[in-house]
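Below: run-v3.txt (compact mmCIF, C-alpha atoms)
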```txt
# COMPACT_ATOMS: atom_id res chain seq x y z
CA MET H 24 -10.04 -81.21 -25.41
CA CYS H 25 -9.70 -77.46 -24.92
CA PHE H 26 -6.95 -76.03 -27.12
CA LEU H 27 -5.72 -72.53 -26.23
CA ARG H 28 -4.50 -71.18 -29.56
CA ALA H 29 -3.48 -67.64 -28.64
CA LEU H 30 -3.27 -65.32 -25.66
CA SER H 31 -3.20 -61.53 -25.99
CA LEU H 32 -2.19 -59.26 -23.11
CA HIS H 33 -2.63 -55.50 -22.92
CA HIS H 34 -1.10 -53.61 -19.96
CA PHE H 35 -1.12 -56.80 -17.88
CA ARG H 36 1.63 -56.92 -15.24
CA ASN H 37 4.89 -56.18 -17.12
CA HIS H 38 3.45 -56.95 -20.57
CA GLN H 39 2.56 -53.76 -22.41
CA LYS H 40 1.20 -55.44 -25.52
CA LYS H 41 1.91 -59.06 -26.37
CA THR H 42 0.28 -61.89 -28.28
CA LEU H 43 1.55 -65.46 -27.99
CA PHE H 44 0.56 -68.48 -30.07
CA PHE H 45 0.65 -71.98 -28.63
CA SER H 46 0.86 -75.58 -29.78
CA SER H 47 -1.57 -78.27 -28.71
CA GLY H 48 1.21 -80.13 -26.86
CA ILE H 49 3.93 -78.87 -24.51
CA ASN H 50 4.57 -75.13 -24.52
CA TYR H 51 7.90 -74.48 -22.81
CA ILE H 52 8.15 -70.79 -21.86
CA HIS H 53 11.69 -69.80 -20.90
CA GLY H 54 13.73 -66.66 -20.32
CA GLU H 55 15.59 -64.78 -17.64
CA ASN H 56 13.93 -63.78 -14.38
CA ALA H 57 11.51 -60.83 -14.39
CA ARG H 58 10.55 -61.38 -18.04
CA GLY H 59 6.92 -62.18 -17.18
CA LYS H 60 6.81 -65.97 -17.49
CA THR H 61 4.69 -66.43 -14.36
CA ASN H 62 2.53 -63.51 -15.46
CA LEU H 63 1.47 -65.49 -18.53
CA LEU H 64 0.28 -68.38 -16.37
CA GLU H 65 -1.44 -65.88 -14.08
CA ALA H 66 -3.37 -64.56 -17.09
CA ILE H 67 -4.49 -68.09 -18.02
CA TYR H 68 -5.47 -68.75 -14.41
CA LEU H 69 -7.49 -65.52 -14.34
CA LEU H 70 -9.47 -66.67 -17.38
CA ILE H 71 -10.15 -70.05 -15.74
CA PHE H 72 -11.12 -68.90 -12.25
CA GLY H 73 -11.79 -65.16 -12.51
CA ARG H 74 -9.11 -64.47 -9.93
CA SER H 75 -5.33 -64.38 -9.56
CA PHE H 76 -3.38 -67.03 -7.66
CA ARG H 77 -0.93 -64.38 -6.43
CA THR H 78 -3.08 -61.50 -5.18
CA PRO H 79 -6.73 -60.79 -4.35
CA ARG H 80 -6.39 -57.26 -5.78
CA LEU H 81 -6.99 -57.02 -9.51
CA ASP H 82 -5.60 -53.48 -9.63
CA GLU H 83 -2.18 -54.95 -8.83
CA LEU H 84 -2.27 -56.68 -12.24
CA ILE H 85 -2.30 -53.38 -14.13
CA LEU H 86 0.95 -52.32 -15.79
CA PHE H 87 2.52 -49.50 -13.78
CA GLY H 88 1.60 -46.10 -15.19
CA THR H 89 -1.58 -47.30 -16.91
CA SER H 90 -5.18 -47.50 -15.72
CA SER H 91 -6.53 -50.81 -17.04
CA PHE H 92 -5.65 -54.24 -18.40
CA ALA H 93 -7.18 -56.66 -20.88
CA ILE H 94 -6.63 -60.36 -21.57
CA GLU H 95 -8.04 -62.20 -24.56
CA ALA H 96 -7.86 -65.92 -25.24
CA GLN H 97 -8.65 -67.57 -28.55
CA PHE H 98 -9.38 -71.25 -28.01
CA GLU H 99 -11.08 -74.25 -29.50
CA LYS H 100 -13.45 -76.41 -27.48
CA ASN H 101 -15.62 -79.22 -28.78
CA GLY H 102 -14.49 -78.30 -32.28
CA ILE H 103 -15.80 -74.73 -31.97
CA GLU H 104 -13.59 -71.62 -32.15
CA GLN H 105 -14.26 -69.36 -29.17
CA VAL H 106 -13.03 -66.14 -27.55
CA LEU H 107 -12.84 -65.31 -23.84
CA LYS H 108 -11.92 -61.79 -22.75
CA PHE H 109 -11.24 -60.33 -19.31
CA GLU H 110 -11.02 -56.54 -18.85
CA PHE H 111 -10.46 -54.49 -15.72
CA GLU H 112 -10.71 -50.70 -15.37
CA SER H 113 -11.77 -48.31 -12.59
CA LYS H 114 -12.29 -51.17 -10.12
CA LYS H 115 -14.75 -52.82 -12.50
CA LYS H 116 -14.22 -56.05 -14.39
CA LYS H 117 -15.90 -57.09 -17.61
CA ILE H 118 -15.82 -60.67 -18.85
CA THR H 119 -17.15 -61.68 -22.26
CA HIS H 120 -17.41 -65.14 -23.76
CA ASN H 121 -17.83 -64.78 -27.52
CA ALA H 122 -20.55 -62.10 -27.67
CA THR H 123 -22.04 -62.79 -24.24
CA THR H 124 -21.22 -60.78 -21.11
CA ILE H 125 -20.54 -62.89 -18.03
CA PHE H 126 -21.69 -61.37 -14.76
CA SER H 127 -20.79 -64.07 -12.24
CA LEU H 128 -18.35 -66.89 -11.52
CA HIS H 129 -21.23 -69.33 -11.98
CA HIS H 130 -21.02 -68.74 -15.72
CA LEU H 131 -17.24 -68.35 -16.03
CA LEU H 132 -16.15 -71.55 -14.31
CA GLY H 133 -16.06 -74.46 -16.73
CA ILE H 134 -15.56 -72.46 -19.93
CA VAL H 135 -11.83 -73.20 -19.80
CA ASN H 136 -10.71 -75.84 -17.33
CA GLY H 137 -7.19 -76.16 -16.01
CA VAL H 138 -4.82 -76.87 -13.13
CA LEU H 139 -1.81 -74.88 -11.97
CA ILE H 140 1.27 -76.21 -10.14
CA SER H 141 3.49 -73.50 -8.69
CA PRO H 142 6.18 -73.03 -6.01
CA GLU H 143 3.53 -71.28 -3.89
CA ASP H 144 1.77 -74.63 -3.61
CA ARG H 145 3.99 -75.33 -0.61
CA ASP H 146 1.31 -73.44 1.31
CA LEU H 147 -1.07 -76.34 0.60
CA ILE H 148 0.83 -78.19 3.30
CA MET H 149 2.38 -75.43 5.38
CA GLY H 150 -0.25 -72.70 5.06
CA ASP H 151 -3.55 -71.78 6.66
CA PRO H 152 -6.56 -74.17 6.40
CA SER H 153 -8.29 -71.59 4.18
CA ILE H 154 -5.74 -72.39 1.44
CA ARG H 155 -6.65 -76.08 1.54
CA ARG H 156 -10.37 -75.27 1.59
CA GLN H 157 -9.82 -73.11 -1.48
CA TYR H 158 -7.97 -76.01 -3.17
CA LEU H 159 -11.10 -78.12 -2.72
CA ASP H 160 -13.66 -75.39 -3.43
CA LEU H 161 -12.22 -74.20 -6.73
CA GLN H 162 -11.87 -77.64 -8.26
CA ILE H 163 -15.34 -78.77 -7.17
CA ALA H 164 -16.89 -75.53 -8.46
CA GLN H 165 -15.27 -76.02 -11.89
CA THR H 166 -17.54 -78.96 -12.59
CA ASN H 167 -20.43 -78.41 -10.18
CA PRO H 168 -22.21 -75.02 -10.46
CA LEU H 169 -24.57 -76.02 -7.64
CA TYR H 170 -21.59 -76.27 -5.28
CA LEU H 171 -20.62 -72.65 -5.92
CA HIS H 172 -24.26 -71.65 -5.40
CA HIS H 173 -24.30 -73.30 -1.97
CA LEU H 174 -20.87 -71.98 -1.02
CA LEU H 175 -21.84 -68.37 -1.79
CA ARG H 176 -25.23 -68.85 -0.16
CA TYR H 177 -23.61 -70.22 3.00
CA LEU H 178 -21.07 -67.37 3.25
CA LYS H 179 -23.77 -64.74 2.69
CA ALA H 180 -26.02 -66.26 5.36
CA MET H 181 -23.11 -66.56 7.79
CA LYS H 182 -22.25 -62.90 7.27
CA GLN H 183 -25.82 -62.00 8.24
CA ARG H 184 -25.76 -64.32 11.25
CA ASN H 185 -22.44 -62.92 12.45
CA ALA H 186 -23.87 -59.39 12.25
CA LEU H 187 -26.80 -60.48 14.41
CA LEU H 188 -24.42 -62.10 16.90
CA ARG H 189 -22.33 -58.94 17.20
CA ASN H 190 -25.44 -56.78 17.65
CA GLN H 191 -26.97 -59.21 20.17
CA GLU H 192 -30.09 -59.57 18.00
CA LYS H 193 -32.13 -62.76 18.29
CA LYS H 194 -35.26 -62.13 16.25
CA THR H 195 -34.30 -63.56 12.84
CA ILE H 196 -31.19 -65.59 13.61
CA GLU H 197 -32.90 -68.97 13.19
CA ILE H 198 -33.90 -68.03 9.63
CA TRP H 199 -30.25 -67.51 8.70
CA GLU H 200 -29.26 -70.71 10.52
CA GLU H 201 -31.74 -72.65 8.40
CA GLU H 202 -30.11 -71.20 5.25
CA MET H 203 -26.63 -72.01 6.53
CA ALA H 204 -27.48 -75.55 7.59
CA HIS H 205 -29.00 -76.43 4.21
CA SER H 206 -25.93 -75.26 2.27
CA ALA H 207 -23.42 -76.50 4.86
CA ALA H 208 -24.78 -80.02 4.44
CA TYR H 209 -24.25 -79.87 0.68
CA ILE H 210 -20.76 -78.36 0.97
CA THR H 211 -19.40 -80.88 3.48
CA CYS H 212 -20.74 -83.88 1.58
CA ALA H 213 -19.32 -82.60 -1.73
CA ARG H 214 -15.92 -81.95 -0.14
CA TYR H 215 -15.87 -85.38 1.46
CA GLN H 216 -16.67 -87.05 -1.87
CA ALA H 217 -13.98 -85.03 -3.67
CA ILE H 218 -11.37 -86.00 -1.07
CA GLN H 219 -12.21 -89.69 -1.47
CA GLU H 220 -11.75 -89.38 -5.23
CA LEU H 221 -8.49 -87.42 -4.88
CA GLN H 222 -7.15 -90.05 -2.49
CA LEU H 223 -7.61 -92.79 -5.07
CA LEU H 224 -6.29 -90.73 -8.00
CA SER H 225 -3.20 -89.51 -6.13
CA LEU H 226 -2.05 -93.11 -5.70
CA ASP H 227 -1.34 -93.24 -9.44
CA THR H 228 1.12 -90.36 -9.15
CA LEU H 229 3.12 -91.41 -6.11
CA SER H 230 6.78 -92.27 -6.07
CA ARG H 231 8.27 -94.69 -3.56
CA GLU H 232 9.07 -91.76 -1.29
CA ILE H 233 5.43 -90.89 -0.67
CA ASP H 234 3.59 -94.19 -1.02
CA THR H 235 2.05 -93.51 2.37
CA LEU H 236 0.32 -90.27 1.32
CA SER H 237 -3.27 -90.08 2.55
CA LEU H 238 -5.96 -87.43 2.91
CA SER H 239 -8.40 -86.77 5.71
CA TYR H 240 -11.31 -84.35 5.90
CA LYS H 241 -11.21 -82.61 9.27
CA THR H 242 -14.86 -81.84 9.95
CA HIS H 243 -17.19 -82.60 12.81
CA ALA H 244 -20.15 -83.08 10.46
CA PRO H 245 -21.35 -86.68 9.97
CA VAL H 246 -20.42 -86.75 6.26
CA GLN H 247 -20.64 -90.55 6.06
CA GLU H 248 -24.23 -90.60 7.29
CA LYS H 249 -26.69 -89.70 4.55
CA GLY H 250 -29.46 -87.27 5.45
CA ASN H 251 -28.20 -86.22 8.89
CA GLN H 252 -25.95 -83.29 8.02
CA LYS H 253 -28.53 -80.49 8.04
CA GLU H 254 -29.94 -81.56 11.40
CA TYR H 255 -26.42 -81.73 12.79
CA PHE H 256 -25.67 -78.13 11.84
CA LEU H 257 -29.00 -76.85 13.15
CA GLU H 258 -28.30 -78.57 16.47
CA LYS H 259 -24.77 -77.11 16.70
CA PHE H 260 -25.90 -73.57 15.78
CA SER H 261 -28.45 -73.75 18.57
CA LYS H 262 -26.01 -75.29 21.06
CA TYR H 263 -23.25 -72.71 20.58
CA ARG H 264 -25.47 -69.69 20.04
CA MET H 265 -25.07 -68.13 23.50
CA ARG H 266 -21.30 -68.52 23.41
CA GLU H 267 -21.22 -67.05 19.90
CA TYR H 268 -23.16 -63.99 21.05
CA ALA H 269 -20.24 -63.24 23.34
CA LEU H 270 -17.66 -63.85 20.59
CA GLY H 271 -19.51 -62.25 17.69
CA PHE H 272 -18.85 -64.97 15.09
CA THR H 273 -19.90 -68.51 14.08
CA LEU H 274 -17.85 -71.36 15.55
CA VAL H 275 -19.18 -74.35 13.60
CA GLY H 276 -19.48 -74.97 9.88
CA PRO H 277 -17.56 -75.74 6.67
CA HIS H 278 -15.71 -72.40 7.00
CA ARG H 279 -13.78 -74.02 9.87
CA ASP H 280 -13.00 -77.35 8.17
CA ASP H 281 -9.62 -78.49 6.87
CA LEU H 282 -8.02 -80.97 4.47
CA GLU H 283 -5.33 -82.88 6.36
CA ILE H 284 -2.42 -84.18 4.27
CA LEU H 285 -0.74 -87.15 5.91
CA LEU H 286 2.47 -89.11 5.32
CA GLY H 287 2.55 -92.46 7.06
CA GLY H 288 -0.51 -91.39 9.04
CA ARG H 289 1.24 -88.29 10.41
CA PRO H 290 0.77 -84.64 9.35
CA ALA H 291 3.05 -83.90 6.40
CA ARG H 292 3.64 -80.34 7.58
CA PHE H 293 5.46 -81.62 10.66
CA PHE H 294 6.93 -84.96 9.60
CA GLY H 295 7.57 -84.72 5.83
CA SER H 296 10.93 -83.82 4.34
CA GLU H 297 11.05 -80.97 1.81
CA GLY H 298 11.34 -83.50 -1.01
CA GLN H 299 8.36 -85.48 0.29
CA LYS H 300 6.29 -82.31 0.58
CA ARG H 301 7.05 -81.30 -3.02
CA CYS H 302 6.21 -84.79 -4.29
CA SER H 303 2.99 -84.86 -2.24
CA ILE H 304 1.83 -81.51 -3.60
CA THR H 305 2.63 -82.56 -7.18
CA ALA H 306 0.67 -85.77 -6.61
CA LEU H 307 -2.32 -83.79 -5.33
CA ARG H 308 -2.27 -81.42 -8.29
CA PHE H 309 -2.08 -84.28 -10.79
CA ALA H 310 -4.91 -85.99 -8.93
CA GLN H 311 -6.88 -82.76 -9.31
CA TRP H 312 -6.11 -82.78 -13.05
CA LYS H 313 -7.21 -86.42 -13.40
CA ARG H 314 -10.39 -85.83 -11.43
CA LEU H 315 -11.22 -82.79 -13.56
CA LYS H 316 -10.66 -84.85 -16.71
CA GLU H 317 -12.97 -87.60 -15.43
CA GLN H 318 -15.65 -85.06 -14.51
CA THR H 319 -15.54 -83.12 -17.80
CA LEU H 320 -14.53 -85.93 -20.19
CA GLU H 321 -11.88 -83.62 -21.71
CA SER H 322 -8.23 -82.88 -21.00
CA PRO H 323 -7.87 -79.71 -18.89
CA LEU H 324 -4.97 -77.34 -19.40
CA LEU H 325 -1.96 -78.09 -17.21
CA CYS H 326 0.28 -75.18 -16.13
CA ILE H 327 3.52 -75.70 -14.19
CA ASP H 328 5.30 -72.57 -13.04
CA ASP H 329 9.09 -72.67 -12.61
CA VAL H 330 9.26 -76.39 -13.30
CA GLY H 331 12.89 -76.61 -12.17
CA VAL H 332 11.91 -75.42 -8.68
CA THR H 333 8.71 -77.40 -8.43
CA LEU H 334 10.56 -80.65 -9.25
CA ASP H 335 14.19 -81.74 -9.12
CA ALA H 336 16.11 -82.46 -12.37
CA HIS H 337 15.37 -86.21 -12.34
CA ARG H 338 11.63 -85.77 -11.82
CA GLU H 339 11.50 -82.89 -14.28
CA GLU H 340 12.98 -85.16 -16.96
CA LYS H 341 10.50 -87.95 -16.17
CA LEU H 342 7.66 -85.43 -16.17
CA LEU H 343 8.54 -83.96 -19.55
CA ALA H 344 8.83 -87.45 -21.02
CA SER H 345 5.27 -88.27 -19.90
CA LEU H 346 3.50 -84.97 -20.62
CA GLY H 347 2.93 -85.78 -24.29
CA GLN H 348 0.01 -87.98 -23.24
CA ILE H 349 -1.68 -85.25 -21.20
CA GLY H 350 -2.79 -82.68 -23.76
CA GLN H 351 -1.95 -78.99 -23.76
CA VAL H 352 0.70 -78.07 -21.20
CA PHE H 353 2.33 -74.77 -20.24
CA LEU H 354 5.70 -74.85 -18.48
CA THR H 355 7.86 -71.94 -17.35
CA SER H 356 11.55 -72.06 -16.54
CA PRO H 357 14.53 -69.67 -16.59
CA ARG H 358 16.45 -72.24 -18.64
CA LEU H 359 15.94 -74.75 -21.42
CA PRO H 360 15.43 -78.41 -20.49
CA THR H 361 18.43 -80.73 -20.58
CA ALA H 362 16.74 -82.83 -23.26
CA THR H 363 14.24 -82.06 -26.03
CA TYR H 364 10.97 -83.98 -26.10
CA ILE H 365 8.46 -84.72 -28.81
CA ASP H 366 5.83 -82.06 -29.55
CA THR H 367 7.50 -79.33 -27.48
CA HIS H 368 7.00 -75.73 -28.60
CA PHE H 369 9.63 -73.37 -27.14
CA ILE H 370 8.71 -69.76 -26.40
CA HIS H 371 11.49 -67.40 -25.39
CA LEU H 372 10.58 -64.24 -23.48
CA ASP H 373 13.15 -61.50 -23.84
CA ALA H 374 13.31 -58.02 -22.35
```

Will you turn the file into structure tokens for me?
Amino acid sequence: MCFLRALSLHHFRNHQKKTLFFSSGINYIHGENARGKTNLLEAIYLLIFGRSFRTPRLDELILFGTSSFAIEAQFEKNGIEQVLKFEFESKKKKITHNATTIFSLHHLLGIVNGVLISPEDRDLIMGDPSIRRQYLDLQIAQTNPLYLHHLLRYLKAMKQRNALLRNQEKKTIEIWEEEMAHSAAYITCARYQAIQELQLLSLDTLSREIDTLSLSYKTHAPVQEKGNQKEYFLEKFSKYRMREYALGFTLVGPHRDDLEILLGGRPARFFGSEGQKRCSITALRFAQWKRLKEQTLESPLLCIDDVGVTLDAHREEKLLASLGQIGQVFLTSPRLPTATYIDTHFIHLDA
């Protein structure tokens, strides 16, 4: 189990200088709106993934009127006390784990594992396919460094290929297609496997309202046929090449795939009620948490932002009653819960 003991913020969002200490169970962070509750979860998320879940621009995380921010986490993992620090200044970030500088996401992912549930998760169903691809990519990369290697390799090769397409150059395009096909095969197979595992794990979380939840990987690649994926992509790159020269971008590959979320065999975005959508998203996030636990053999952190919005009062009460078995949990809410549960540490954020 990873136990986050303390979190220190310096000029991060609206927190000028703050250090919070946590319990190993449920940490219930409450206070009026605009006190920075979500910002605390954003800081934890940044340490897990090296990015914010609210903005792609790190300079937006700096306290207004200042020029940098710093986050430091003191945590225990495998019985060893550790420190993880994230600093950002002058468009440059510096990440250190204990005394070692981390230069890439390859080495950051997996140090602290966790899952976030937030109101913005509605976009998992209603948003662009890129959001659902990111949902898959981030959780696979947490436990599989080779996946991130192939994902970055694929995107880099595709960028080069797209440049050749726009410039009508043909000399080296097959070299980049070979790179893309190799990594595309790995990416699609890993995504397909993850979706199968999430499908099974999400069944444990379903209520009667969403007992027909199912997942489908929308890809044209033959993911169920071992050994044929690379050849498939090479064939498609060659087939569509002339059309792509006219368009200037690549039409086929994992960058165009999607995770389809279905209720009763029909797309949830069109046929699910708002309550069913919220329950489905919660089920998917808990399935992600369970899968991460199975992959790492430890309990990841669980963060739920604005728990009263994410779930209705009845489900919030059931959730709080069951969270004691999960490990370390971080909840935010503008109010206190209607009932007090065992091993709950309350943190009040004031002005």

Could I get the residues of segment 125-225 of chain H with an atom no further than 9 Å from an atom of segment 250-255 of chain H, each paired with its nearest atom pair and that distance in Å to one decimal, using only C-alpha atoms, sorted by chain and residue number, as CSV?
```
residue,atom,partner,partner_atom,distance
H:Glu201,CA,H:Lys253,CA,8.5
H:Met203,CA,H:Lys253,CA,8.8
H:Ala204,CA,H:Lys253,CA,5.1
H:His205,CA,H:Lys253,CA,5.6
H:Ser206,CA,H:Lys253,CA,8.2
H:Ala207,CA,H:Lys253,CA,7.2
H:Ala208,CA,H:Gln252,CA,5.0
H:Tyr209,CA,H:Gln252,CA,8.3
H:Thr211,CA,H:Gln252,CA,8.3
H:Cys212,CA,H:Gln252,CA,8.3
```

Shell of 10 Å around Lys259 of chain H, all atoms listed in the file, local chain residues under 4 positions omitted, as a VMD selection string: chain H and resid 200 204 244 254 to 255 263 to 264 274 to 276

Point-to-point distance in Å for atom CA of Tyr240 of chain H and atom CA of Glu267 of chain H: 24.4 Å

Atomic separation - atom CA of Ala310 of chain H relative to atom CA of Ser322 of chain H, Å: 12.9 Å

Point-to-point distance from atom CA of Glu83 of chain H to atom CA of Asn136 of chain H, Å rounded to tenths: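 Computed distance, atom CA of Glu83 of chain H to atom CA of Asn136 of chain H, equals 24.1 Å.
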
Within-12 Å shell of (8.4, -58.8, -15.4) in input frame, all atoms listed in the file, as an MDAnalysis selection string: chainID H and resid 34:39 54:63 84 86:87 372:374

Nearest-residue call for Leu70 of chain H, choices H:Ser46, H:Asn185, H:Ser113, H:Thr119, using only C-alpha atoms: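 Selected residue with least distance to Leu70 of chain H: H:Thr119.
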
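If you measure from each of H:Gln348, H:Thr235, H:Gln165, H:Thr305 to Val330 of chain H using all atoms listed in the file, the closest one turns out to be H:Thr305.
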
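Excluding segment 93-109 of chain H and any residue on its chain fewer than 2 positions from it, the residues at most 6 Å away by all atoms listed in the file are Cys25, Phe26, Leu27, Arg28, Ala29, Leu30, Ser31, Leu32, His33, Lys117, Ile118, Thr119, His120 and Asn121 of chain H.
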
Polymer residues at most 12 Å from Leu178 of chain H, all atoms listed in the file, same-chain spacing of 2 or more positions, as a list in words: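 That gives Leu171, His172, His173, Leu174, Leu175, Arg176, Ala180, Met181, Lys182, Gln183, Arg184, Asn185, Trp199, Glu200, Glu202, Met203, Ala204, Ser206, Ala207, Ile210, Thr273, Gly276, Pro277, His278 and Arg279 of chain H.
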
Spatial neighbours of Asp328 of chain H, 10 Å, only C-alpha atoms, chain gap at least 3 places, as a list in words: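 Everything that qualifies: Ile52, Lys60, Thr61, Asn62, Leu63, Leu64, Glu65, Leu139, Ile140, Ser141, Pro142, Glu143, Gly331, Val332, Thr333, Phe353, Leu354, Thr355 and Ser356 of chain H.
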
Distance criterion (only C-alpha atoms): nearest to Arg292 of chain H out of H:Arg145, H:Lys40, H:Arg80, H:Lys116: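 With only C-alpha atoms as the atom set, the closest residue is H:Arg145.
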
Selected residue of minimal separation from Ile218 of chain H among H:Leu282, H:Leu270, H:Ala291, H:Cys326, counting only C-alpha atoms: H:Leu282

Residue nearest Arg289 of chain H - candidates H:Ser261, H:Thr242, H:Ser237, H:Ser47, atoms counted: only C-alpha atoms: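 Among the listed residues, H:Ser237 lies closest to Arg289 of chain H.
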
Please produce segment 108-129 of chain H, completed to N, CA and C atoms, as an mmCIF file, keeping the file's coordinate frame.
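Result file is rebuild_14.cif:
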```cif
data_model
loop_
_atom_site.group_PDB
_atom_site.id
_atom_site.type_symbol
_atom_site.label_atom_id
_atom_site.label_comp_id
_atom_site.auth_asym_id
_atom_site.auth_seq_id
_atom_site.Cartn_x
_atom_site.Cartn_y
_atom_site.Cartn_z
ATOM 1 N N LYS H 108 -12.634 -63.036 -23.018
ATOM 2 C CA LYS H 108 -11.920 -61.790 -22.750
ATOM 3 C C LYS H 108 -12.201 -61.303 -21.338
ATOM 4 N N PHE H 109 -11.143 -60.842 -20.670
ATOM 5 C CA PHE H 109 -11.240 -60.330 -19.310
ATOM 6 C C PHE H 109 -10.647 -58.913 -19.305
ATOM 7 N N GLU H 110 -11.466 -57.933 -18.911
ATOM 8 C CA GLU H 110 -11.020 -56.540 -18.850
ATOM 9 C C GLU H 110 -11.237 -55.987 -17.452
ATOM 10 N N PHE H 111 -10.331 -55.108 -17.041
ATOM 11 C CA PHE H 111 -10.460 -54.490 -15.720
ATOM 12 C C PHE H 111 -10.064 -53.019 -15.806
ATOM 13 N N GLU H 112 -10.976 -52.144 -15.359
ATOM 14 C CA GLU H 112 -10.710 -50.700 -15.370
ATOM 15 C C GLU H 112 -11.597 -50.028 -14.335
ATOM 16 N N SER H 113 -11.023 -49.083 -13.585
ATOM 17 C CA SER H 113 -11.770 -48.310 -12.590
ATOM 18 C C SER H 113 -12.495 -49.214 -11.592
ATOM 19 N N LYS H 114 -11.771 -50.234 -11.124
ATOM 20 C CA LYS H 114 -12.290 -51.170 -10.120
ATOM 21 C C LYS H 114 -13.462 -52.007 -10.619
ATOM 22 N N LYS H 115 -13.666 -52.020 -11.931
ATOM 23 C CA LYS H 115 -14.750 -52.820 -12.500
ATOM 24 C C LYS H 115 -14.173 -53.812 -13.495
ATOM 25 N N LYS H 116 -14.656 -55.035 -13.434
ATOM 26 C CA LYS H 116 -14.220 -56.050 -14.390
ATOM 27 C C LYS H 116 -15.346 -56.368 -15.368
ATOM 28 N N LYS H 117 -14.946 -56.699 -16.569
ATOM 29 C CA LYS H 117 -15.900 -57.090 -17.610
ATOM 30 C C LYS H 117 -15.372 -58.352 -18.272
ATOM 31 N N ILE H 118 -16.195 -59.383 -18.261
ATOM 32 C CA ILE H 118 -15.820 -60.670 -18.850
ATOM 33 C C ILE H 118 -16.801 -60.987 -19.963
ATOM 34 N N THR H 119 -16.279 -61.312 -21.140
ATOM 35 C CA THR H 119 -17.150 -61.680 -22.260
ATOM 36 C C THR H 119 -16.689 -63.005 -22.847
ATOM 37 N N HIS H 120 -17.658 -63.858 -23.106
ATOM 38 C CA HIS H 120 -17.410 -65.140 -23.760
ATOM 39 C C HIS H 120 -18.114 -65.088 -25.103
ATOM 40 N N ASN H 121 -17.311 -65.039 -26.185
ATOM 41 C CA ASN H 121 -17.830 -64.780 -27.520
ATOM 42 C C ASN H 121 -18.568 -63.425 -27.480
ATOM 43 N N ALA H 122 -19.836 -63.384 -27.697
ATOM 44 C CA ALA H 122 -20.550 -62.100 -27.670
ATOM 45 C C ALA H 122 -21.383 -61.917 -26.403
ATOM 46 N N THR H 123 -21.208 -62.816 -25.438
ATOM 47 C CA THR H 123 -22.040 -62.790 -24.240
ATOM 48 C C THR H 123 -21.264 -62.258 -23.039
ATOM 49 N N THR H 124 -21.838 -61.308 -22.330
ATOM 50 C CA THR H 124 -21.220 -60.780 -21.110
ATOM 51 C C THR H 124 -21.482 -61.723 -19.957
ATOM 52 N N ILE H 125 -20.439 -62.006 -19.182
ATOM 53 C CA ILE H 125 -20.540 -62.890 -18.030
ATOM 54 C C ILE H 125 -20.533 -62.041 -16.773
ATOM 55 N N PHE H 126 -21.558 -62.216 -15.945
ATOM 56 C CA PHE H 126 -21.690 -61.370 -14.760
ATOM 57 C C PHE H 126 -21.314 -62.064 -13.459
ATOM 58 N N SER H 127 -21.105 -63.383 -13.489
ATOM 59 C CA SER H 127 -20.790 -64.070 -12.240
ATOM 60 C C SER H 127 -19.876 -65.257 -12.495
ATOM 61 N N LEU H 128 -19.223 -65.724 -11.424
ATOM 62 C CA LEU H 128 -18.350 -66.890 -11.520
ATOM 63 C C LEU H 128 -19.122 -68.141 -11.924
ATOM 64 N N HIS H 129 -20.417 -68.176 -11.598
ATOM 65 C CA HIS H 129 -21.230 -69.330 -11.980
ATOM 66 C C HIS H 129 -21.087 -69.640 -13.466
#
```
